[in-house]
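Source file: target_37.cif (mmCIF, C-alpha atoms)
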```cif
data_upload
loop_
_atom_site.group_PDB
_atom_site.id
_atom_site.type_symbol
_atom_site.label_atom_id
_atom_site.label_comp_id
_atom_site.auth_asym_id
_atom_site.auth_seq_id
_atom_site.Cartn_x
_atom_site.Cartn_y
_atom_site.Cartn_z
ATOM 1 C CA MET E 1233 -9.757 21.834 -22.470
ATOM 2 C CA SER E 1234 -13.037 23.717 -22.128
ATOM 3 C CA ILE E 1235 -14.846 24.127 -18.829
ATOM 4 C CA PRO E 1236 -17.763 21.866 -19.883
ATOM 5 C CA GLU E 1237 -15.260 19.166 -20.860
ATOM 6 C CA TYR E 1238 -13.582 19.523 -17.497
ATOM 7 C CA ARG E 1239 -16.897 19.159 -15.692
ATOM 8 C CA LYS E 1240 -17.516 15.856 -17.490
ATOM 9 C CA ILE E 1241 -14.117 14.576 -16.363
ATOM 10 C CA GLU E 1242 -14.791 15.860 -12.869
ATOM 11 C CA ARG E 1243 -18.036 13.879 -12.639
ATOM 12 C CA ARG E 1244 -16.372 10.755 -13.990
ATOM 13 C CA LEU E 1245 -13.521 11.001 -11.484
ATOM 14 C CA ALA E 1246 -15.905 11.727 -8.634
ATOM 15 C CA ALA E 1247 -17.580 8.404 -9.378
ATOM 16 C CA SER E 1248 -14.192 6.693 -9.016
ATOM 17 C CA ARG E 1249 -13.502 7.621 -5.374
ATOM 18 C CA MET E 1250 -11.665 10.909 -5.833
ATOM 19 C CA ILE E 1251 -11.009 13.692 -3.367
ATOM 20 C CA ALA E 1252 -10.427 17.292 -4.303
ATOM 21 C CA GLU E 1253 -8.124 20.154 -3.420
ATOM 22 C CA PRO E 1254 -8.715 23.689 -4.766
ATOM 23 C CA ARG E 1255 -6.173 25.076 -7.219
ATOM 24 C CA THR E 1256 -6.138 27.826 -9.825
ATOM 25 C CA ALA E 1257 -6.036 26.633 -13.420
ATOM 26 C CA LEU E 1258 -6.092 28.268 -16.858
ATOM 27 C CA PHE E 1259 -8.961 27.017 -18.991
ATOM 28 C CA TYR E 1260 -10.014 27.719 -22.578
ATOM 29 C CA ASP E 1261 -13.733 28.328 -22.931
ATOM 30 C CA ARG E 1262 -14.690 29.009 -26.525
ATOM 31 C CA ASN E 1263 -12.882 32.245 -27.408
ATOM 32 C CA ASN E 1264 -11.913 33.319 -23.901
ATOM 33 C CA LEU E 1265 -8.998 32.434 -21.684
ATOM 34 C CA ARG E 1266 -9.718 32.813 -18.008
ATOM 35 C CA ARG E 1267 -8.431 31.607 -14.668
ATOM 36 C CA ILE E 1268 -10.895 29.877 -12.407
ATOM 37 C CA LYS E 1269 -10.562 27.954 -9.165
ATOM 38 C CA LEU E 1270 -11.100 24.242 -9.705
ATOM 39 C CA PRO E 1271 -10.357 21.160 -7.625
ATOM 40 C CA MET E 1272 -7.295 19.030 -8.231
ATOM 41 C CA LEU E 1273 -8.499 15.458 -8.238
ATOM 42 C CA TYR E 1274 -6.513 12.414 -7.290
ATOM 43 C CA PRO E 1275 -7.505 8.803 -6.620
ATOM 44 C CA ILE E 1276 -7.628 7.331 -3.143
ATOM 45 C CA MET E 1277 -8.378 3.851 -1.883
ATOM 46 C CA GLU E 1278 -11.612 3.589 0.043
ATOM 47 C CA LEU E 1279 -11.427 -0.183 0.055
ATOM 48 C CA ALA E 1280 -10.151 -2.297 2.892
ATOM 49 C CA PRO E 1281 -6.378 -2.797 2.610
ATOM 50 C CA LEU E 1282 -5.608 -5.498 0.072
ATOM 51 C CA ARG E 1283 -3.619 -8.412 1.433
ATOM 52 C CA ASN E 1284 -0.185 -9.248 0.133
ATOM 53 C CA VAL E 1285 -0.023 -11.740 -2.700
ATOM 54 C CA ARG E 1286 2.056 -14.877 -2.376
ATOM 55 C CA SER E 1287 1.005 -17.244 -5.189
ATOM 56 C CA MET E 1288 0.939 -16.656 -8.948
ATOM 57 C CA GLU E 1289 -2.832 -17.000 -8.844
ATOM 58 C CA ASP E 1290 -2.934 -14.220 -6.240
ATOM 59 C CA VAL E 1291 -0.586 -12.128 -8.390
ATOM 60 C CA LEU E 1292 -2.872 -12.298 -11.418
ATOM 61 C CA LYS E 1293 -5.958 -11.551 -9.313
ATOM 62 C CA MET E 1294 -4.283 -8.540 -7.719
ATOM 63 C CA GLN E 1295 -3.117 -7.198 -11.065
ATOM 64 C CA GLY E 1296 -6.667 -7.519 -12.365
ATOM 65 C CA LYS E 1297 -8.035 -5.718 -9.309
ATOM 66 C CA LEU E 1298 -5.575 -2.831 -9.733
ATOM 67 C CA LEU E 1299 -6.517 -2.508 -13.406
ATOM 68 C CA ALA E 1300 -10.187 -2.480 -12.407
ATOM 69 C CA ILE E 1301 -9.537 0.338 -9.917
ATOM 70 C CA MET E 1302 -7.741 2.491 -12.504
ATOM 71 C CA GLY E 1303 -10.005 1.572 -15.438
ATOM 72 C CA PRO E 1304 -12.924 3.944 -14.754
ATOM 73 C CA ILE E 1305 -10.576 6.870 -14.210
ATOM 74 C CA PHE E 1306 -9.031 6.496 -17.658
ATOM 75 C CA ARG E 1307 -12.106 5.188 -19.477
ATOM 76 C CA ASN E 1308 -10.297 1.848 -19.550
ATOM 77 C CA ASP E 1309 -7.250 3.420 -21.240
ATOM 78 C CA THR E 1310 -4.911 1.528 -18.931
ATOM 79 C CA GLY E 1311 -2.946 -0.202 -21.670
ATOM 80 C CA VAL E 1312 0.431 0.940 -20.332
ATOM 81 C CA LEU E 1313 -0.268 -0.645 -16.934
ATOM 82 C CA GLU E 1314 -1.515 -3.832 -18.589
ATOM 83 C CA ARG E 1315 1.691 -3.996 -20.658
ATOM 84 C CA ALA E 1316 3.787 -3.369 -17.544
ATOM 85 C CA PHE E 1317 2.139 -6.305 -15.748
ATOM 86 C CA TRP E 1318 2.499 -8.458 -18.874
ATOM 87 C CA LEU E 1319 6.203 -7.600 -19.136
ATOM 88 C CA LEU E 1320 6.721 -8.270 -15.418
ATOM 89 C CA ASN E 1321 5.078 -11.689 -15.636
ATOM 90 C CA LYS E 1322 7.099 -12.528 -18.748
ATOM 91 C CA VAL E 1323 10.598 -11.606 -17.516
ATOM 92 C CA ALA E 1324 10.217 -12.342 -13.783
ATOM 93 C CA THR E 1325 9.899 -16.107 -14.066
ATOM 94 C CA GLY E 1326 10.586 -18.631 -11.351
ATOM 95 C CA LYS E 1327 10.809 -18.029 -7.613
ATOM 96 C CA ASP E 1328 11.952 -14.950 -5.736
ATOM 97 C CA LYS E 1329 15.617 -15.235 -4.778
ATOM 98 C CA ASP E 1330 14.798 -14.443 -1.142
ATOM 99 C CA ASN E 1331 11.855 -16.797 -0.584
ATOM 100 C CA ALA E 1332 9.579 -19.293 -2.264
ATOM 101 C CA THR E 1333 7.071 -16.812 -3.738
ATOM 102 C CA PRO E 1334 6.798 -16.151 -7.498
ATOM 103 C CA MET E 1335 9.067 -13.279 -8.560
ATOM 104 C CA PRO E 1336 6.177 -11.049 -9.729
ATOM 105 C CA ALA E 1337 4.609 -11.108 -6.233
ATOM 106 C CA HIS E 1338 6.820 -8.460 -4.616
ATOM 107 C CA PRO E 1339 6.594 -5.883 -7.470
ATOM 108 C CA THR E 1340 2.822 -6.390 -7.612
ATOM 109 C CA ASN E 1341 2.595 -5.747 -3.875
ATOM 110 C CA VAL E 1342 4.576 -2.527 -4.297
ATOM 111 C CA ALA E 1343 2.231 -1.426 -7.112
ATOM 112 C CA ARG E 1344 -0.685 -2.093 -4.739
ATOM 113 C CA LYS E 1345 0.970 0.055 -2.076
ATOM 114 C CA VAL E 1346 1.308 2.909 -4.582
ATOM 115 C CA VAL E 1347 -2.488 3.041 -4.811
ATOM 116 C CA GLU E 1348 -3.057 2.669 -1.078
ATOM 117 C CA GLY E 1349 -0.648 5.478 -0.127
ATOM 118 C CA ASN E 1350 -2.182 8.096 -2.405
ATOM 119 C CA GLY E 1351 -3.984 10.914 -0.605
ATOM 120 C CA ASN E 1352 -2.055 10.234 2.611
ATOM 121 C CA LEU E 1353 1.702 9.952 2.098
ATOM 122 C CA TYR E 1354 1.506 11.771 -1.242
ATOM 123 C CA ARG E 1355 -1.018 13.289 -3.590
ATOM 124 C CA PHE E 1356 -0.563 12.158 -7.162
ATOM 125 C CA SER E 1357 -2.838 12.970 -10.052
ATOM 126 C CA ALA E 1358 -4.470 10.026 -11.791
ATOM 127 C CA GLU E 1359 -1.851 10.205 -14.572
ATOM 128 C CA GLN E 1360 1.044 10.211 -12.099
ATOM 129 C CA LEU E 1361 -0.528 7.340 -10.218
ATOM 130 C CA LEU E 1362 -0.846 5.203 -13.349
ATOM 131 C CA ILE E 1363 2.775 5.866 -14.365
ATOM 132 C CA THR E 1364 4.093 5.191 -10.860
ATOM 133 C CA MET E 1365 2.135 1.940 -10.600
ATOM 134 C CA ALA E 1366 3.592 0.752 -13.912
ATOM 135 C CA ALA E 1367 7.105 1.682 -12.794
ATOM 136 C CA ALA E 1368 6.544 -0.064 -9.446
ATOM 137 C CA ALA E 1369 5.572 -3.243 -11.298
ATOM 138 C CA LEU E 1370 8.918 -3.147 -13.115
ATOM 139 C CA HIS E 1371 11.137 -1.630 -10.424
ATOM 140 C CA ASP E 1372 13.178 -4.835 -9.938
ATOM 141 C CA SER E 1373 13.308 -5.796 -13.625
ATOM 142 C CA GLY E 1374 16.790 -4.356 -14.052
ATOM 143 C CA GLU E 1375 18.339 -5.754 -10.869
ATOM 144 C CA ASP E 1376 16.766 -9.205 -10.966
ATOM 145 C CA CYS E 1377 16.007 -9.800 -14.644
ATOM 146 C CA GLY E 1378 18.596 -7.734 -16.515
ATOM 147 C CA LEU E 1379 15.941 -5.791 -18.433
ATOM 148 C CA PRO E 1380 17.408 -2.461 -19.647
ATOM 149 C CA PRO E 1381 15.325 0.760 -19.464
ATOM 150 C CA LYS E 1382 15.481 1.057 -23.258
ATOM 151 C CA ASP E 1383 13.540 -2.198 -23.638
ATOM 152 C CA ILE E 1384 10.984 -1.046 -21.078
ATOM 153 C CA ALA E 1385 10.409 2.212 -22.964
ATOM 154 C CA GLU E 1386 10.021 0.402 -26.279
ATOM 155 C CA THR E 1387 7.680 -2.283 -24.920
ATOM 156 C CA LEU E 1388 5.412 0.133 -23.065
ATOM 157 C CA GLY E 1389 5.509 2.641 -25.909
ATOM 158 C CA GLY E 1390 3.819 6.000 -26.314
ATOM 159 C CA ALA E 1391 4.689 9.090 -24.317
ATOM 160 C CA ARG E 1392 4.465 7.204 -21.011
ATOM 161 C CA GLY E 1393 7.005 4.489 -21.863
ATOM 162 C CA PRO E 1394 10.170 6.625 -21.552
ATOM 163 C CA ILE E 1395 8.870 8.280 -18.363
ATOM 164 C CA ILE E 1396 8.295 4.898 -16.739
ATOM 165 C CA ALA E 1397 11.659 3.607 -17.964
ATOM 166 C CA GLU E 1398 13.431 6.604 -16.389
ATOM 167 C CA ILE E 1399 11.802 5.923 -13.014
ATOM 168 C CA VAL E 1400 12.883 2.284 -13.218
ATOM 169 C CA ARG E 1401 16.428 3.371 -14.137
ATOM 170 C CA LEU E 1402 16.563 5.699 -11.172
ATOM 171 C CA VAL E 1403 15.465 3.067 -8.627
ATOM 172 C CA THR E 1404 17.727 0.325 -10.016
ATOM 173 C CA HIS E 1405 20.592 -0.433 -7.626
ATOM 174 C CA ASP E 1406 23.552 -1.421 -9.803
ATOM 175 C CA THR E 1407 25.678 -2.314 -6.765
ATOM 176 C CA HIS E 1408 23.007 -3.897 -4.588
ATOM 177 C CA ILE E 1409 24.109 -4.887 -1.101
ATOM 178 C CA SER E 1410 22.829 -8.435 -1.575
ATOM 179 C CA ASN E 1411 24.943 -8.747 -4.735
ATOM 180 C CA GLY E 1412 28.308 -7.691 -3.375
ATOM 181 C CA GLY E 1413 27.680 -3.967 -2.964
ATOM 182 C CA THR E 1414 28.304 -2.122 0.287
ATOM 183 C CA ILE E 1415 25.978 -0.166 2.523
ATOM 184 C CA ASN E 1416 27.819 2.968 1.386
ATOM 185 C CA HIS E 1417 26.885 2.220 -2.237
ATOM 186 C CA TYR E 1418 23.293 1.662 -1.124
ATOM 187 C CA GLY E 1419 23.212 4.899 0.856
ATOM 188 C CA GLU E 1420 24.608 6.901 -2.048
ATOM 189 C CA LYS E 1421 21.911 5.518 -4.342
ATOM 190 C CA LEU E 1422 19.205 6.349 -1.807
ATOM 191 C CA GLU E 1423 20.393 9.936 -1.614
ATOM 192 C CA GLU E 1424 20.352 10.157 -5.409
ATOM 193 C CA ILE E 1425 16.739 8.984 -5.398
ATOM 194 C CA TYR E 1426 15.385 10.893 -2.419
ATOM 195 C CA PHE E 1427 17.075 14.149 -3.402
ATOM 196 C CA SER E 1428 15.967 13.879 -7.035
ATOM 197 C CA ARG E 1429 12.988 15.728 -8.495
ATOM 198 C CA ASN E 1430 11.322 12.447 -9.430
ATOM 199 C CA ASN E 1431 8.536 11.919 -6.903
ATOM 200 C CA GLY E 1432 7.496 8.627 -8.483
ATOM 201 C CA ALA E 1433 10.964 7.182 -7.866
ATOM 202 C CA LYS E 1434 10.944 8.394 -4.257
ATOM 203 C CA VAL E 1435 7.598 6.775 -3.554
ATOM 204 C CA ILE E 1436 8.594 3.456 -5.140
ATOM 205 C CA GLU E 1437 11.895 3.269 -3.240
ATOM 206 C CA TYR E 1438 10.088 4.080 0.008
ATOM 207 C CA LEU E 1439 7.299 1.525 -0.509
ATOM 208 C CA ASP E 1440 9.733 -1.129 -1.764
ATOM 209 C CA ASN E 1441 11.598 -0.935 1.538
ATOM 210 C CA GLU E 1442 8.322 -0.969 3.487
ATOM 211 C CA GLU E 1443 7.043 -4.060 1.668
ATOM 212 C CA ASN E 1444 10.330 -5.885 2.195
ATOM 213 C CA MET E 1445 10.262 -5.149 5.930
ATOM 214 C CA GLY E 1446 6.691 -6.355 6.285
ATOM 215 C CA ARG E 1447 7.373 -9.468 4.255
ATOM 216 C CA LEU E 1448 10.227 -10.591 6.524
ATOM 217 C CA VAL E 1449 8.045 -10.168 9.602
ATOM 218 C CA GLU E 1450 5.060 -11.878 7.998
ATOM 219 C CA GLU E 1451 7.092 -14.860 6.831
ATOM 220 C CA GLY E 1452 8.787 -15.364 10.196
ATOM 221 C CA ALA E 1453 12.348 -14.908 8.966
ATOM 222 C CA SER E 1454 15.127 -15.852 11.362
ATOM 223 C CA ARG E 1455 16.783 -13.013 13.270
ATOM 224 C CA ASP E 1456 20.182 -14.408 12.318
ATOM 225 C CA SER E 1457 19.435 -14.726 8.603
ATOM 226 C CA GLU E 1458 21.337 -12.758 5.993
ATOM 227 C CA LEU E 1459 18.037 -11.305 4.753
ATOM 228 C CA VAL E 1460 17.260 -9.708 8.116
ATOM 229 C CA HIS E 1461 20.829 -8.463 8.502
ATOM 230 C CA ASN E 1462 20.870 -6.841 5.059
ATOM 231 C CA ARG E 1463 17.418 -5.329 5.541
ATOM 232 C CA SER E 1464 18.405 -3.834 8.888
ATOM 233 C CA LEU E 1465 21.301 -2.043 7.176
ATOM 234 C CA LYS E 1466 19.053 -0.834 4.378
ATOM 235 C CA VAL E 1467 16.330 0.363 6.735
ATOM 236 C CA GLY E 1468 18.846 2.413 8.694
ATOM 237 C CA ALA E 1469 20.048 3.988 5.449
ATOM 238 C CA HIS E 1470 16.459 4.842 4.457
ATOM 239 C CA VAL E 1471 15.791 6.528 7.798
ATOM 240 C CA ASN E 1472 18.962 8.624 7.597
ATOM 241 C CA SER E 1473 18.306 9.620 3.970
ATOM 242 C CA LEU E 1474 14.684 10.635 4.586
ATOM 243 C CA LEU E 1475 15.593 12.580 7.707
ATOM 244 C CA ALA E 1476 18.186 14.473 5.669
ATOM 245 C CA VAL E 1477 15.602 15.214 2.971
ATOM 246 C CA ALA E 1478 13.082 16.436 5.544
ATOM 247 C CA ASP E 1479 15.707 18.620 7.193
ATOM 248 C CA SER E 1480 16.880 20.157 3.926
ATOM 249 C CA GLN E 1481 13.378 20.879 2.632
ATOM 250 C CA ILE E 1482 11.812 22.557 5.686
ATOM 251 C CA GLY E 1483 9.341 25.084 4.338
ATOM 252 C CA THR E 1484 9.913 24.035 0.731
ATOM 253 C CA THR E 1485 8.838 20.399 0.773
ATOM 254 C CA SER E 1486 7.083 19.297 -2.413
ATOM 255 C CA ARG E 1487 3.357 19.842 -2.076
ATOM 256 C CA GLN E 1488 2.821 16.383 -3.545
ATOM 257 C CA LEU E 1489 4.772 14.556 -0.851
ATOM 258 C CA ASN E 1490 3.999 14.424 2.844
ATOM 259 C CA ILE E 1491 7.678 14.045 3.786
ATOM 260 C CA GLY E 1492 7.006 14.465 7.483
ATOM 261 C CA GLY E 1493 4.354 11.744 7.361
ATOM 262 C CA MET E 1494 6.654 9.466 5.373
ATOM 263 C CA VAL E 1495 9.460 9.924 7.896
ATOM 264 C CA LYS E 1496 7.186 9.317 10.885
ATOM 265 C CA ARG E 1497 5.696 6.172 9.347
ATOM 266 C CA LEU E 1498 9.129 4.830 8.382
ATOM 267 C CA ILE E 1499 10.534 5.441 11.858
ATOM 268 C CA ASP E 1500 7.587 3.759 13.564
ATOM 269 C CA GLN E 1501 7.754 0.765 11.222
ATOM 270 C CA THR E 1502 11.524 0.477 11.627
ATOM 271 C CA VAL E 1503 11.274 0.429 15.421
ATOM 272 C CA THR E 1504 8.553 -2.238 15.148
ATOM 273 C CA PHE E 1505 10.792 -4.232 12.757
ATOM 274 C CA ALA E 1506 13.790 -3.892 15.085
ATOM 275 C CA ASN E 1507 11.803 -4.917 18.154
ATOM 276 C CA HIS E 1508 10.329 -7.922 16.345
ATOM 277 C CA PHE E 1509 13.780 -9.290 15.501
ATOM 278 C CA GLY E 1510 15.453 -8.119 18.725
ATOM 279 C CA LEU E 1511 17.746 -5.698 16.876
ATOM 280 C CA GLU E 1512 18.496 -3.430 19.812
ATOM 281 C CA GLY E 1513 21.244 -1.562 17.964
ATOM 282 C CA LEU E 1514 18.966 -0.615 15.077
ATOM 283 C CA ALA E 1515 16.162 0.489 17.401
ATOM 284 C CA ARG E 1516 18.581 2.595 19.434
ATOM 285 C CA GLU E 1517 20.108 4.153 16.307
ATOM 286 C CA VAL E 1518 16.722 5.049 14.840
ATOM 287 C CA LYS E 1519 15.402 6.513 18.096
ATOM 288 C CA GLN E 1520 18.503 8.653 18.470
ATOM 289 C CA ALA E 1521 18.357 9.878 14.862
ATOM 290 C CA ALA E 1522 14.635 10.620 15.174
ATOM 291 C CA GLY E 1523 15.168 12.535 18.399
ATOM 292 C CA ASN E 1524 17.882 14.636 16.804
ATOM 293 C CA TYR E 1525 15.367 15.763 14.178
ATOM 294 C CA GLY E 1526 12.485 16.198 16.626
ATOM 295 C CA TYR E 1527 10.337 13.217 15.589
ATOM 296 C CA SER E 1528 8.301 11.320 18.144
ATOM 297 C CA LEU E 1529 8.122 7.547 18.050
ATOM 298 C CA ALA E 1530 5.481 4.869 18.300
ATOM 299 C CA THR E 1531 5.359 3.392 21.767
#
```

Can the structure in the file be given as structure tokens, please?
Amino acid sequence: MSIPEYRKIERRLAASRMIAEPRTALFYDRNNLRRIKLPMLYPIMELAPLRNVRSMEDVLKMQGKLLAIMGPIFRNDTGVLERAFWLLNKVATGKDKDNATPMPAHPTNVARKVVEGNGNLYRFSAEQLLITMAAAALHDSGEDCGLPPKDIAETLGGARGPIIAEIVRLVTHDTHISNGGTINHYGEKLEEIYFSRNNGAKVIEYLDNEENMGRLVEEGASRDSELVHNRSLKVGAHVNSLLAVADSQIGTTSRQLNIGGMVKRLIDQTVTFANHFGLEGLAREVKQAAGNYGYSLAT
């Protein structure tokens, strides 16, 4: 890419709500190779937070809004995200097994969260953001719909298809706790994800848990329900796994991920979740774990 070509892209991205961070890059300018300092650009949301979707009409509107956000960045080359939403809506038919919402609602909400978290919890390039959004849309397709990664790669196609399929494979829980698995199985899978080199998978797993917590609170689930019980176990596993990641990566944490910020936000949200449902044991466990690693808590 030549420097003039880069400048055109830079102007186009700047018009699409981008923020910049200096980095050194190697650019080809006619017959000369030279290193120059240029900004790394990544999308951020400057819109008011988008509300969760609960009806199929809301799902389709949200998917259209997300495509509209990404469209200018890629000169409307968002075909892989369009195909991901199409595939989600095709295979995820009927109602969610945990509530009365359409099955595509939860994955669409997680894809929305991927956009909203960029620039704060993590800093993804536009390309990474598009791929992660597509994978978020399909993150439950294996568990809930039996869609194998091979079919995802073939349907999405191109160079991005296999990358998205691999993220989906990584975040698929084969022995899910709600389907007869144990919390140990769940914890082992979380460690595989959070200690992997796949930042897209980490972000999706993190935001999936966050969306599920918020949904239970928003929908007024019963404290004694199986959903709340299972989620409390899963949340505790997420906290322990992320604390272990943060502890093991002190000084070497990926520059793309704000692990400390992710841990702090998860702890605060978990304490809020525990207090809402009167789960004193979970709140006590999280506070103790956080204190052991030196994290302060929301009051």

* Residues matched by the PyMOL selection byres ((chain E and resi 1303) around 12), written as JSON, numbers by chain -> {"E": [1244, 1245, 1247, 1248, 1275, 1295, 1296, 1297, 1298, 1299, 1300, 1301, 1302, 1304, 1305, 1306, 1307, 1308, 1309, 1310, 1311, 1312, 1313, 1314, 1358, 1359, 1362]}

May I have the selected residues written with C-alpha atoms, as a compact mmCIF listing (two decimals), in the frame of the given file?
```txt
# COMPACT_ATOMS: atom_id res chain seq x y z
CA ARG E 1244 -16.37 10.76 -13.99
CA LEU E 1245 -13.52 11.00 -11.48
CA ALA E 1247 -17.58 8.40 -9.38
CA SER E 1248 -14.19 6.69 -9.02
CA PRO E 1275 -7.50 8.80 -6.62
CA GLN E 1295 -3.12 -7.20 -11.06
CA GLY E 1296 -6.67 -7.52 -12.36
CA LYS E 1297 -8.04 -5.72 -9.31
CA LEU E 1298 -5.58 -2.83 -9.73
CA LEU E 1299 -6.52 -2.51 -13.41
CA ALA E 1300 -10.19 -2.48 -12.41
CA ILE E 1301 -9.54 0.34 -9.92
CA MET E 1302 -7.74 2.49 -12.50
CA PRO E 1304 -12.92 3.94 -14.75
CA ILE E 1305 -10.58 6.87 -14.21
CA PHE E 1306 -9.03 6.50 -17.66
CA ARG E 1307 -12.11 5.19 -19.48
CA ASN E 1308 -10.30 1.85 -19.55
CA ASP E 1309 -7.25 3.42 -21.24
CA THR E 1310 -4.91 1.53 -18.93
CA GLY E 1311 -2.95 -0.20 -21.67
CA VAL E 1312 0.43 0.94 -20.33
CA LEU E 1313 -0.27 -0.64 -16.93
CA GLU E 1314 -1.52 -3.83 -18.59
CA ALA E 1358 -4.47 10.03 -11.79
CA GLU E 1359 -1.85 10.20 -14.57
CA LEU E 1362 -0.85 5.20 -13.35
```

* Asked: Residues at most 8 Å from Val1471 in chain E, counting only C-alpha atoms, excluding those fewer than 3 positions away in the same chain, as a PyMOL selection string?
  -> chain E and resi 1467-1468+1474-1475+1495+1498-1499+1518

File dump, residues just selected, C-alpha atoms, as a PDB file, in the frame of the given file:
```
ATOM      1  CA  VAL E1467      16.330   0.363   6.735  1.00  0.00           C
ATOM      2  CA  GLY E1468      18.846   2.413   8.694  1.00  0.00           C
ATOM      3  CA  LEU E1474      14.684  10.635   4.586  1.00  0.00           C
ATOM      4  CA  LEU E1475      15.593  12.580   7.707  1.00  0.00           C
ATOM      5  CA  VAL E1495       9.460   9.924   7.896  1.00  0.00           C
ATOM      6  CA  LEU E1498       9.129   4.830   8.382  1.00  0.00           C
ATOM      7  CA  ILE E1499      10.534   5.441  11.858  1.00  0.00           C
ATOM      8  CA  VAL E1518      16.722   5.049  14.840  1.00  0.00           C
TER       9      VAL E1518
END
```

* Determine the nearest neighbour of Gln1488 in chain E from the options E:Gly1378, E:Gly1349, E:Gly1326, E:Pro1336, counting all atoms listed in the file. => E:Gly1349

Once 3 Å is added on each side, what centre and edge lengths in Å to one decimal does the axis-aligned box around all listed atoms of range 1448-1460 of chain E have, as JSON?
```
{"center_x": 13.2, "center_y": -12.8, "center_z": 9.0, "size_x": 22.3, "size_y": 12.1, "size_z": 14.5}
```

Return as a PDB file with C-alpha atoms, keeping the file's coordinate frame the set of residues that the PyMOL selection byres ((chain E and resi 1318) around 12) yields on the displayed structure.
```
ATOM      1  CA  VAL E1291      -0.586 -12.128  -8.390  1.00  0.00           C
ATOM      2  CA  LEU E1292      -2.872 -12.298 -11.418  1.00  0.00           C
ATOM      3  CA  GLN E1295      -3.117  -7.198 -11.065  1.00  0.00           C
ATOM      4  CA  GLY E1296      -6.667  -7.519 -12.365  1.00  0.00           C
ATOM      5  CA  GLY E1311      -2.946  -0.202 -21.670  1.00  0.00           C
ATOM      6  CA  VAL E1312       0.431   0.940 -20.332  1.00  0.00           C
ATOM      7  CA  LEU E1313      -0.268  -0.645 -16.934  1.00  0.00           C
ATOM      8  CA  GLU E1314      -1.515  -3.832 -18.589  1.00  0.00           C
ATOM      9  CA  ARG E1315       1.691  -3.996 -20.658  1.00  0.00           C
ATOM     10  CA  ALA E1316       3.787  -3.369 -17.544  1.00  0.00           C
ATOM     11  CA  PHE E1317       2.139  -6.305 -15.748  1.00  0.00           C
ATOM     12  CA  LEU E1319       6.203  -7.600 -19.136  1.00  0.00           C
ATOM     13  CA  LEU E1320       6.721  -8.270 -15.418  1.00  0.00           C
ATOM     14  CA  ASN E1321       5.078 -11.689 -15.636  1.00  0.00           C
ATOM     15  CA  LYS E1322       7.099 -12.528 -18.748  1.00  0.00           C
ATOM     16  CA  VAL E1323      10.598 -11.606 -17.516  1.00  0.00           C
ATOM     17  CA  ALA E1324      10.217 -12.342 -13.783  1.00  0.00           C
ATOM     18  CA  THR E1325       9.899 -16.107 -14.066  1.00  0.00           C
ATOM     19  CA  PRO E1336       6.177 -11.049  -9.729  1.00  0.00           C
ATOM     20  CA  THR E1340       2.822  -6.390  -7.612  1.00  0.00           C
ATOM     21  CA  ALA E1366       3.592   0.752 -13.912  1.00  0.00           C
ATOM     22  CA  ALA E1369       5.572  -3.243 -11.298  1.00  0.00           C
ATOM     23  CA  LEU E1370       8.918  -3.147 -13.115  1.00  0.00           C
ATOM     24  CA  ILE E1384      10.984  -1.046 -21.078  1.00  0.00           C
ATOM     25  CA  THR E1387       7.680  -2.283 -24.920  1.00  0.00           C
ATOM     26  CA  LEU E1388       5.412   0.133 -23.065  1.00  0.00           C
TER      27      LEU E1388
END
```

* Separation of CA of Glu1420 in chain E from CA of Gly1492 in chain E in Å -> 21.4 Å

* What residues come out when you apply the PyMOL selection byres ((chain E and resi 1373-1375) around 8) to this file, written as a PyMOL selection string? -> chain E and resi 1320+1323-1324+1370-1372+1376-1381+1400-1401+1404-1406

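Closest approach to Leu1353 in chain E from the set E:His1508, E:Lys1496, E:Arg1455, E:Arg1516 is made by E:Lys1496, with distances taken over all atoms listed in the file.
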
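Take CA of Met1445 in chain E and CA of Glu1289 in chain E: the distance between them is 23.0 Å.
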
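Coordinates place CA of His1461 in chain E at a distance of 26.1 Å from CA of Arg1344 in chain E.
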
* Asked: Taking (5.3, 5.3, -14.1) in the file's coordinates as the center, which residues reach within 7 Å of it, counting only C-alpha atoms, put as number ranges by chain?
  -> E: 1360, 1362-1367, 1395-1396, 1399, 1432

* Asked: Pick from E:Gly1452, E:Gly1513, E:Gly1419, E:Gly1493: nearest to Ala1469 in chain E, with only C-alpha atoms counted?
  -> E:Gly1419

* Taking (15.6, -8.2, 4.3) in the file's coordinates as the center, which residues reach within 9 Å of it, counting only C-alpha atoms, put as a VMD selection string? -> chain E and resid 1330 1441 1444 to 1445 1447 to 1448 1453 1457 to 1467

Just write the chosen residues, C-alpha atoms, as a CSV table (one decimal), in the coordinates of the input.
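Output file part_17.csv follows:
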```csv
chain,number,residue,atom,x,y,z
E,1330,ASP,CA,14.8,-14.4,-1.1
E,1441,ASN,CA,11.6,-0.9,1.5
E,1444,ASN,CA,10.3,-5.9,2.2
E,1445,MET,CA,10.3,-5.1,5.9
E,1447,ARG,CA,7.4,-9.5,4.3
E,1448,LEU,CA,10.2,-10.6,6.5
E,1453,ALA,CA,12.3,-14.9,9.0
E,1457,SER,CA,19.4,-14.7,8.6
E,1458,GLU,CA,21.3,-12.8,6.0
E,1459,LEU,CA,18.0,-11.3,4.8
E,1460,VAL,CA,17.3,-9.7,8.1
E,1461,HIS,CA,20.8,-8.5,8.5
E,1462,ASN,CA,20.9,-6.8,5.1
E,1463,ARG,CA,17.4,-5.3,5.5
E,1464,SER,CA,18.4,-3.8,8.9
E,1465,LEU,CA,21.3,-2.0,7.2
E,1466,LYS,CA,19.1,-0.8,4.4
E,1467,VAL,CA,16.3,0.4,6.7
```

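Every protein or nucleic acid residue with an atom no more than 8 Å from Pro1394 in chain E, counting all atoms listed in the file and leaving out same-chain residues fewer than 4 positions away, appears here: Lys1382, Ile1384, Ala1385, Glu1386, Gly1389, Gly1390 and Glu1398 of chain E.
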